[in-house]
Each structure stands twice: as C-alpha cells, then as structure tokens.
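Trainee: Supplied in structure tokens, the structure appears directly below.
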Amino acid sequence: MNIEVPEKLLPLYETKKRFIDIHGGRGSGKSHGVADFLLCQSRTKKARILCCREIQRSIKDSVWQLITEKISQYGWDSLFDITDQCIVCKKTGSDFIFKGLRGNAQDIKSTEGIQYAWVEESQSVSRKSLEVLVPTVRNPESQIIFTYNPTLEEDPVHVDYTLADRDDTLKIEMNWRDNPWFPEVLRADMEYDKATNIDKYYHVWEGQVERFTNDMIGAFQSVPTWDCQYCVAAIDPSFSDRAGTDSTAVGIVGISNGLLVFTGMLWPKSISDPQTRREMLDFISLYTPIETVLESQLSDSSLFMLDALKRDEAIYPIKNLWSIKHQSRDKHSRIMSTIGVQKSMMRILEGTQQNFSLEVSRYRKDVEHDDAPDVLALACETLGTSSIVAEYSKAFNILKGMKI
C-alpha cells in the first residue's frame with residue numbers, strides 16, 4: 001500500500017491509546033486521513049469498523065461516500081465488496097458498518113466485535129449517545145476515533161476528551177495549514193472569511209469554539225432528553241430549490257418542568273418536494289405535537305400545501321391538528337420578543353441538527369439566514385397563545401393535581 005499521510009496524522013498509525021481525538025477547522029484533511037487509516041487497517045487484519053454520527057437517517061448522511069471514493073482512488077475496487085449497507089474487504093473479512101447514535105441505543109449495544117469506532121462530526125454527539133457507545137466498544141485494543149470542528153465549549157466530546165487531561169487519549173489538532181493538499185478553492189474562501197469576518201474565520205478555519213457577540217442571541221443550555229408534557233410544532237416553508245435561498249424549517253417547543261425545551265430541523269429544498277415533506281413529517285411525528293402551525297403569507301399556496309401534508313400524513317397513526325398563521329409584525333421584533341426575552345428559560349435538546357442550532361444562536365438583526373430562529377419564534381408564540389394548547393394545559397394540570 002502506498003498512501004501519503006499528513007505529518008500531523010502519523011501518530012494515529014502508532015498509538016495504542018483507546019481514544020483518539022482529532023479536532024480542528026475546515027480543510028484540514030481530518031476525515032480523509034481517518035478514512036485512509038481505517039482502510040489500511042481493514043486490509044491488514046480482520047476488524048469490524050463502526051462509522052457513526054449522532055443522526056444518520058440514510059447512508060447518504062454517513063462517511064460511506066468518502067470511503068467508497070477512497071477505494072476507487074487507490075484502485076482497490078476489486079478488493080472490496082461495496083453495498084449500500086456495508087463495505088467488506090474480501091481478503092481479511094473486515095467490514096465497515098454505518099449507524100446513527102441518537103435513538104438507536106439497542107442496535108448499537110447489540111453490535112458485537114467493534115475494533116474501531118469512527119465518530120464523525122463529534123461536536124454534535126450527545127452525552128447520552130457517548131454513554132451508549134463507549135462501553136459497547138470493548139474489544140481488546142479497540143479504539144474510538146473522534147473527528148470534529150469544535151462548536152461550543154460545553155459539547156460533551158470537547159469536554160471529555162479535548163479539554164480533559166487523560167492518559168488514554170491521543171489528541172491531534174489539525175487545521176488548514178496542516179494539510180499538504182489544501183485545495184486552492186478553499187483557500188479563497190478562507191482568505192475571504194479572514195478579511196471580512198474574523199470570528200467566523202477562527203471558528204471555521206482555525207477550529208476554535210464559537211464566539212458570540214453581544215448583538216447575537218448566543219448559545220443555549222442543553223438537556224439530554226425530550227421529557228416534555230406537551231409541545232407544538234411550527235413550519236416555515238420554502239417554495240424555492242435554489243441554493244442559498246430560504247430553507248424549509250420546522251421548530252418544536254415543549255414544556256418540561258417550567259422550562260421551554262426546543263429542537264428543530266432545516267431542509268435545503270422546497271416544501272413542494274415530496275421527500276422533504278416526508279422527512280419533515282417523520283421528524284414531527286417523533287414528538288407528537290398538540291398543534292402544528294404552517295406559516296405563510298400566500299393563502300392559496302398555504303391551503304395547497306396543507307392539503308398535501310394531510311395526504312402525506314395518512315400513514316402515521318397519530319394525525320396533526322393543523323392550522324395556518326399569517327405573520328404581521330416584522331421578523332426581528334417577533335424573534336426578539338419571543339426567543340430573546342425568554343432565552344433564560346429555554347433549553348435546546350442535545351443532538352438537535354447543528355445547522356438549526358447555529359442559525360438560532362448566531363441570529364442578529366439583518367443576518368443572512370434566519371429561517372431557524374423565525375420558525376422557533378412562531379412555535380414559541382403558538383405555545384403561548386393557542387386556545388387548544390391552553391385547554392390541553394388546563395386538563396393536564398387538573399389530572400396532575402388528581403395524581404392520575
């Protein structure tokens with residue numbers, strides 16, 4: 001095998017330490033380096049290799065594509081059997097399997113014989129997922145490899161492995177300058193960010209945790225589990241599939257012990273796309289909201305989409321109570337009078353889609369993308385003003401008082 005390895009990653013091939021923490025900014029080659037390492041291991045000995053991340057809804061969400069491209073790049077196609085479920089080395093019997101951690105505890109626990117676990121985008125991994133994964137990987141000399149760009153100081157992997165002083169952990173910081181093959185197209189993006197937004201540059205390219213300025217909403221405290229007595233959902237649809245335009249957004253807010261707990265997701269496609277609607281309904285159905293409100297300024301489009309959503313949800317055992325809301329106040333006022341005012345009593349669910357989380361925490365007036373905070377504000381407003389929610393809350397409190 002003839003593979004070129006960045007100097008920073010040479011210790012990866014030599015260490016016997018159980019945990020390997022590889023963190024840093026974009027363009028550093030972290031993921032490519034780990035894919036090379038694991039392919040080399042798979043060709044020299046039999047090993048089960050778990051490639052995982054917090055949320056994986058399909059194989060497209062995993063590093064499967066990267067690994068298959070590496071196999072083709074090195075001319076090893078005849079040495080591996082590749083399916084859309086796993087990748088197997090014909091010579092050694094090593095297999096790569098791909099799983100999501102969140103909501104998949106039993107499947108992870110029952111996965112036997114893991115020699116290497118590669119946790120990509122580890123900044124999004126919840127503590128609950130770590131508590132499932134780490135004891136599952138228990139073969140002699142087994143290793144868990146974390147690759148990520150730090151987001152928040154309190155992210156579990158960052159706290160437990162990067163910041164902690166541990167003898168069982170190899171730490172490697174890699175940034176763009178550590179990649180001998182750093183592409184010129186990324187260099188142009190990096191130089192632009194450095195010249196126009198130094199905080200973004202330090203986070204994206206130098207691998208530093210997020211910096212929040214005084215005019216941003218900022219990061220939220222998190223909770224590990226969704227333990228809400230009831231919740232509502234809001235949808236802010238996009239009607240465009242063009243890159244860089246609005247996203248289709250869903251925000252969900254619930255009540256838990258006097259706190260507002262929220263989660264959400266963004267989709268880059270229009271709500272008119274059937275696959276986007278299906279994924280959106282799959283997501284909403286996890287939380288069974290009392291009411292789901294669709295925001296739109298276009299009456300005809302809203303009614304058309306509402307009918308489509310009702311048809312799509314026919315396969316679900318629990319149906320939504322749907323409503324439509326036309327917003328009147330300016331967007332910034334709505335966001336700040338709901339999220340900004342109530343932030344101290346709001347908590348974000350661990351494992352929430354990173355794009356959604358960051359768009360909310362980075363929000364400030366006139367920011368380029370604001371679909372996540374806008375739909376979250378609508379969900380908060382609905383929770384506080386809906387007559388249906390009020391009746392449900394009243395009934396819930398009566399039953400709670402009766403200790404039923």
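Residues in the structure tokens are named by chain (A, B, ... in the order shown) and by number from 1 within that chain; ligands are numbered from 1 in the order shown.
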Name the residues in contact with A:Ile271 at a cut-off of 10 Å, using only C-alpha atoms, excluding same-chain residues fewer than 4 positions from it; report them as a list in words.

Mentor: Ile235, Asp236, Pro237, Ser238, Phe239, Ser240, Asp241, Ser247, Thr248, Ala249, Trp267, Gln275, Thr276, Arg277, Arg278, Met280, Met305, Ala308 and Leu309 of chain A

Trainee: If we count only C-alpha atoms, what is near A:Gly100 at a cut-off of 7 Å, once residues fewer than 6 positions away on the same chain are taken out, given as a PyMOL selection string?

Mentor: chain A and resi 52-56

Trainee: Using C-alpha atoms, can you export the residues from the last selection as a PDB file, in the first residue's frame?

Mentor:
ATOM      1  CA  CYS A  52     -21.199   6.573  13.197  1.00  0.00           C
ATOM      2  CA  ARG A  53     -22.549  10.037  13.867  1.00  0.00           C
ATOM      3  CA  GLU A  54     -25.269  11.421  16.111  1.00  0.00           C
ATOM      4  CA  ILE A  55     -28.011  11.367  13.468  1.00  0.00           C
ATOM      5  CA  GLN A  56     -27.993   9.188  10.360  1.00  0.00           C
TER       6      GLN A  56
END

Trainee: Determine the nearest neighbour of A:Tyr161 from the options A:Ala195, A:Val250, A:Ile22, A:Ile67, counting only C-alpha atoms.

Mentor: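 Checking each of A:Ala195, A:Val250, A:Ile22, A:Ile67 against A:Tyr161, counting only C-alpha atoms, the winner is A:Ile22.
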
Trainee: Quick one: of A:Glu279, A:Glu154, A:Asp160, A:Asp246, who's nearest to A:Leu130, counting only C-alpha atoms?

Mentor: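 The answer is A:Asp160, which sits nearest to A:Leu130.
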
Trainee: So that I can check the surroundings of A:Asp81, please list as a PyMOL selection string every protein, DNA and RNA residue that reaches within 12 Å of it, counting only C-alpha atoms and ignoring chain neighbours fewer than 3 positions away.

Mentor: chain A and resi 68+71-72+76-78+84-96

Trainee: Mind dumping the selected residues with N, CA and C atoms as a CSV table (one decimal), in the first residue's frame?

Mentor:
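Result file is selection_23.csv:
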chain,number,residue,atom,x,y,z
A,68,THR,N,-15.9,4.9,-0.1
A,68,THR,CA,-16.0,4.3,-1.5
A,68,THR,C,-15.2,5.1,-2.5
A,71,ILE,N,-11.5,4.1,-1.9
A,71,ILE,CA,-11.3,2.8,-2.5
A,71,ILE,C,-11.0,2.9,-4.0
A,72,SER,N,-11.9,3.7,-4.7
A,72,SER,CA,-11.7,3.9,-6.1
A,72,SER,C,-10.4,4.6,-6.4
A,76,TRP,N,-8.6,0.0,-5.6
A,76,TRP,CA,-8.9,-1.2,-4.8
A,76,TRP,C,-10.3,-1.7,-5.0
A,77,ASP,N,-10.9,-1.3,-6.0
A,77,ASP,CA,-12.3,-1.8,-6.2
A,77,ASP,C,-12.5,-3.3,-6.2
A,78,SER,N,-11.5,-4.0,-6.7
A,78,SER,CA,-11.6,-5.5,-6.8
A,78,SER,C,-11.4,-6.1,-5.4
A,84,ASP,N,-25.0,-0.8,-0.4
A,84,ASP,CA,-25.5,0.4,0.3
A,84,ASP,C,-25.7,0.2,1.8
A,85,GLN,N,-25.3,-0.9,2.3
A,85,GLN,CA,-25.4,-1.2,3.8
A,85,GLN,C,-24.1,-1.3,4.4
A,86,CYS,N,-23.1,-1.9,3.8
A,86,CYS,CA,-21.8,-2.1,4.4
A,86,CYS,C,-20.7,-2.2,3.3
A,87,ILE,N,-19.4,-2.2,3.7
A,87,ILE,CA,-18.3,-2.4,2.9
A,87,ILE,C,-17.4,-3.5,3.5
A,88,VAL,N,-17.1,-4.5,2.7
A,88,VAL,CA,-16.3,-5.6,3.2
A,88,VAL,C,-15.1,-5.8,2.4
A,89,CYS,N,-13.9,-6.0,3.1
A,89,CYS,CA,-12.7,-6.4,2.5
A,89,CYS,C,-12.7,-7.9,2.2
A,90,LYS,N,-12.5,-8.3,0.9
A,90,LYS,CA,-12.6,-9.7,0.6
A,90,LYS,C,-11.5,-10.5,1.2
A,91,LYS,N,-10.3,-9.9,1.3
A,91,LYS,CA,-9.1,-10.6,1.8
A,91,LYS,C,-9.2,-10.9,3.3
A,92,THR,N,-9.5,-10.0,4.1
A,92,THR,CA,-9.5,-10.1,5.5
A,92,THR,C,-10.8,-10.4,6.2
A,93,GLY,N,-11.9,-10.0,5.5
A,93,GLY,CA,-13.2,-10.1,6.1
A,93,GLY,C,-13.6,-8.9,6.9
A,94,SER,N,-12.7,-7.9,7.0
A,94,SER,CA,-13.1,-6.7,7.7
A,94,SER,C,-14.3,-6.1,7.1
A,95,ASP,N,-15.2,-5.5,8.0
A,95,ASP,CA,-16.4,-4.9,7.5
A,95,ASP,C,-16.6,-3.5,8.1
A,96,PHE,N,-17.0,-2.6,7.2
A,96,PHE,CA,-17.4,-1.2,7.7
A,96,PHE,C,-18.9,-1.2,7.8

Trainee: Which residue, A:Ile20, A:Leu286, A:Pro11, A:Ile335, has the smallest gap to A:Tyr363 when you use only C-alpha atoms?

Mentor: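 Once distances to A:Tyr363 are computed over only C-alpha atoms, the minimum belongs to A:Ile335.
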
Trainee: Write down as a ChimeraX atom specification the residues of stretch 300-338 of chain A whose backbone DSSP state falls under strand (DSSP E).

Mentor: /A:322-325

Trainee: So which residues touch stretch 214-231 of chain A within 8 Å, counting only C-alpha atoms, skipping near sequence neighbours fewer than 2 positions away, as a PyMOL selection string?

Mentor: chain A and resi 126-128+152+212+233+252-257+261+287-291+340+343+346-350+360-364+383

Trainee: What gap, in Å, lies between atom CA of A:Leu39 and atom CA of A:Leu66?

Mentor: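 Answer for the atom CA of A:Leu39 to atom CA of A:Leu66 separation: 11.2 Å.
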
Trainee: Could you go through stretch 98-307 of chain A and tell me which residues DSSP, when run on the backbone, assigns to helix (DSSP H, G or I), listing them as a compact mmCIF listing (two decimals) with C-alpha atoms, in the first residue's frame?

Mentor:
# COMPACT_ATOMS: atom_id res chain seq x y z
CA ALA A 105 -29.22 2.61 21.60
CA GLN A 106 -30.37 -1.00 21.41
CA ASP A 107 -28.94 -1.51 17.94
CA ILE A 108 -25.60 -0.01 18.96
CA LYS A 109 -25.44 -2.09 22.16
CA SER A 122 -18.43 14.52 17.09
CA GLN A 123 -19.33 18.05 18.20
CA SER A 124 -22.98 17.04 17.71
CA ARG A 127 -23.70 12.66 26.34
CA LYS A 128 -26.43 10.02 26.25
CA SER A 129 -25.02 8.67 22.97
CA LEU A 130 -21.49 8.60 24.39
CA GLU A 131 -22.74 6.62 27.39
CA VAL A 132 -24.09 4.01 24.97
CA LEU A 133 -21.20 3.92 22.51
CA VAL A 134 -18.11 3.89 24.76
CA PRO A 135 -18.89 0.71 26.76
CA THR A 136 -20.07 -1.04 23.58
CA PRO A 156 -19.58 16.53 25.54
CA VAL A 157 -16.75 15.24 23.33
CA HIS A 158 -14.93 18.57 23.63
CA VAL A 159 -15.26 18.49 27.44
CA ASP A 160 -14.47 14.80 27.95
CA TYR A 161 -11.58 14.33 25.52
CA THR A 162 -10.19 17.62 24.17
CA LEU A 163 -10.23 19.65 27.37
CA TRP A 176 -5.88 24.03 7.05
CA ARG A 177 -2.11 24.68 7.18
CA ASP A 178 -1.53 21.07 8.34
CA GLU A 184 -6.96 26.44 -3.69
CA VAL A 185 -10.73 26.81 -3.96
CA LEU A 186 -10.96 26.54 -0.17
CA ARG A 187 -8.03 28.91 0.25
CA ALA A 188 -10.05 31.63 -1.50
CA ASP A 189 -13.00 31.02 0.88
CA MET A 190 -10.65 31.03 3.87
CA GLU A 191 -8.97 34.30 2.88
CA TYR A 192 -12.37 35.94 2.31
CA ASP A 193 -13.62 34.93 5.77
CA LYS A 194 -10.37 36.10 7.35
CA ALA A 195 -10.75 39.51 5.70
CA THR A 196 -14.49 40.01 6.31
CA ILE A 198 -12.60 37.21 11.80
CA ASP A 199 -14.81 35.38 14.33
CA LYS A 200 -16.11 33.09 11.59
CA TYR A 201 -12.54 32.56 10.37
CA TYR A 202 -11.29 31.47 13.80
CA HIS A 203 -14.18 29.04 14.22
CA VAL A 204 -14.44 27.59 10.71
CA PRO A 274 -42.32 15.05 -1.63
CA GLN A 275 -39.16 13.68 0.02
CA THR A 276 -38.74 16.88 2.04
CA ARG A 277 -42.35 16.65 3.25
CA ARG A 278 -41.90 13.00 4.19
CA GLU A 279 -38.72 13.69 6.20
CA MET A 280 -40.41 16.68 7.82
CA LEU A 281 -43.42 14.61 8.89
CA ASP A 282 -41.13 11.82 10.13
CA PHE A 283 -39.38 14.40 12.31
CA ILE A 284 -42.59 15.97 13.63
CA SER A 285 -44.12 12.58 14.41
CA SER A 299 -53.23 31.94 1.16
CA ASP A 300 -53.58 29.76 -1.94
CA SER A 301 -50.14 28.21 -1.51
CA SER A 302 -50.79 27.57 2.18
CA LEU A 303 -54.03 25.74 1.51
CA PHE A 304 -52.43 23.69 -1.26
CA MET A 305 -49.51 22.68 0.98
CA LEU A 306 -51.82 21.95 3.90
CA ASP A 307 -53.79 19.52 1.74

Trainee: Residues within 9 Å of A:Trp118, please, as a ChimeraX atom specification. Count only C-alpha atoms; anything in the same chain fewer than 3 positions from it doesn't count.

Mentor: /A:34,38,49-53,143-147
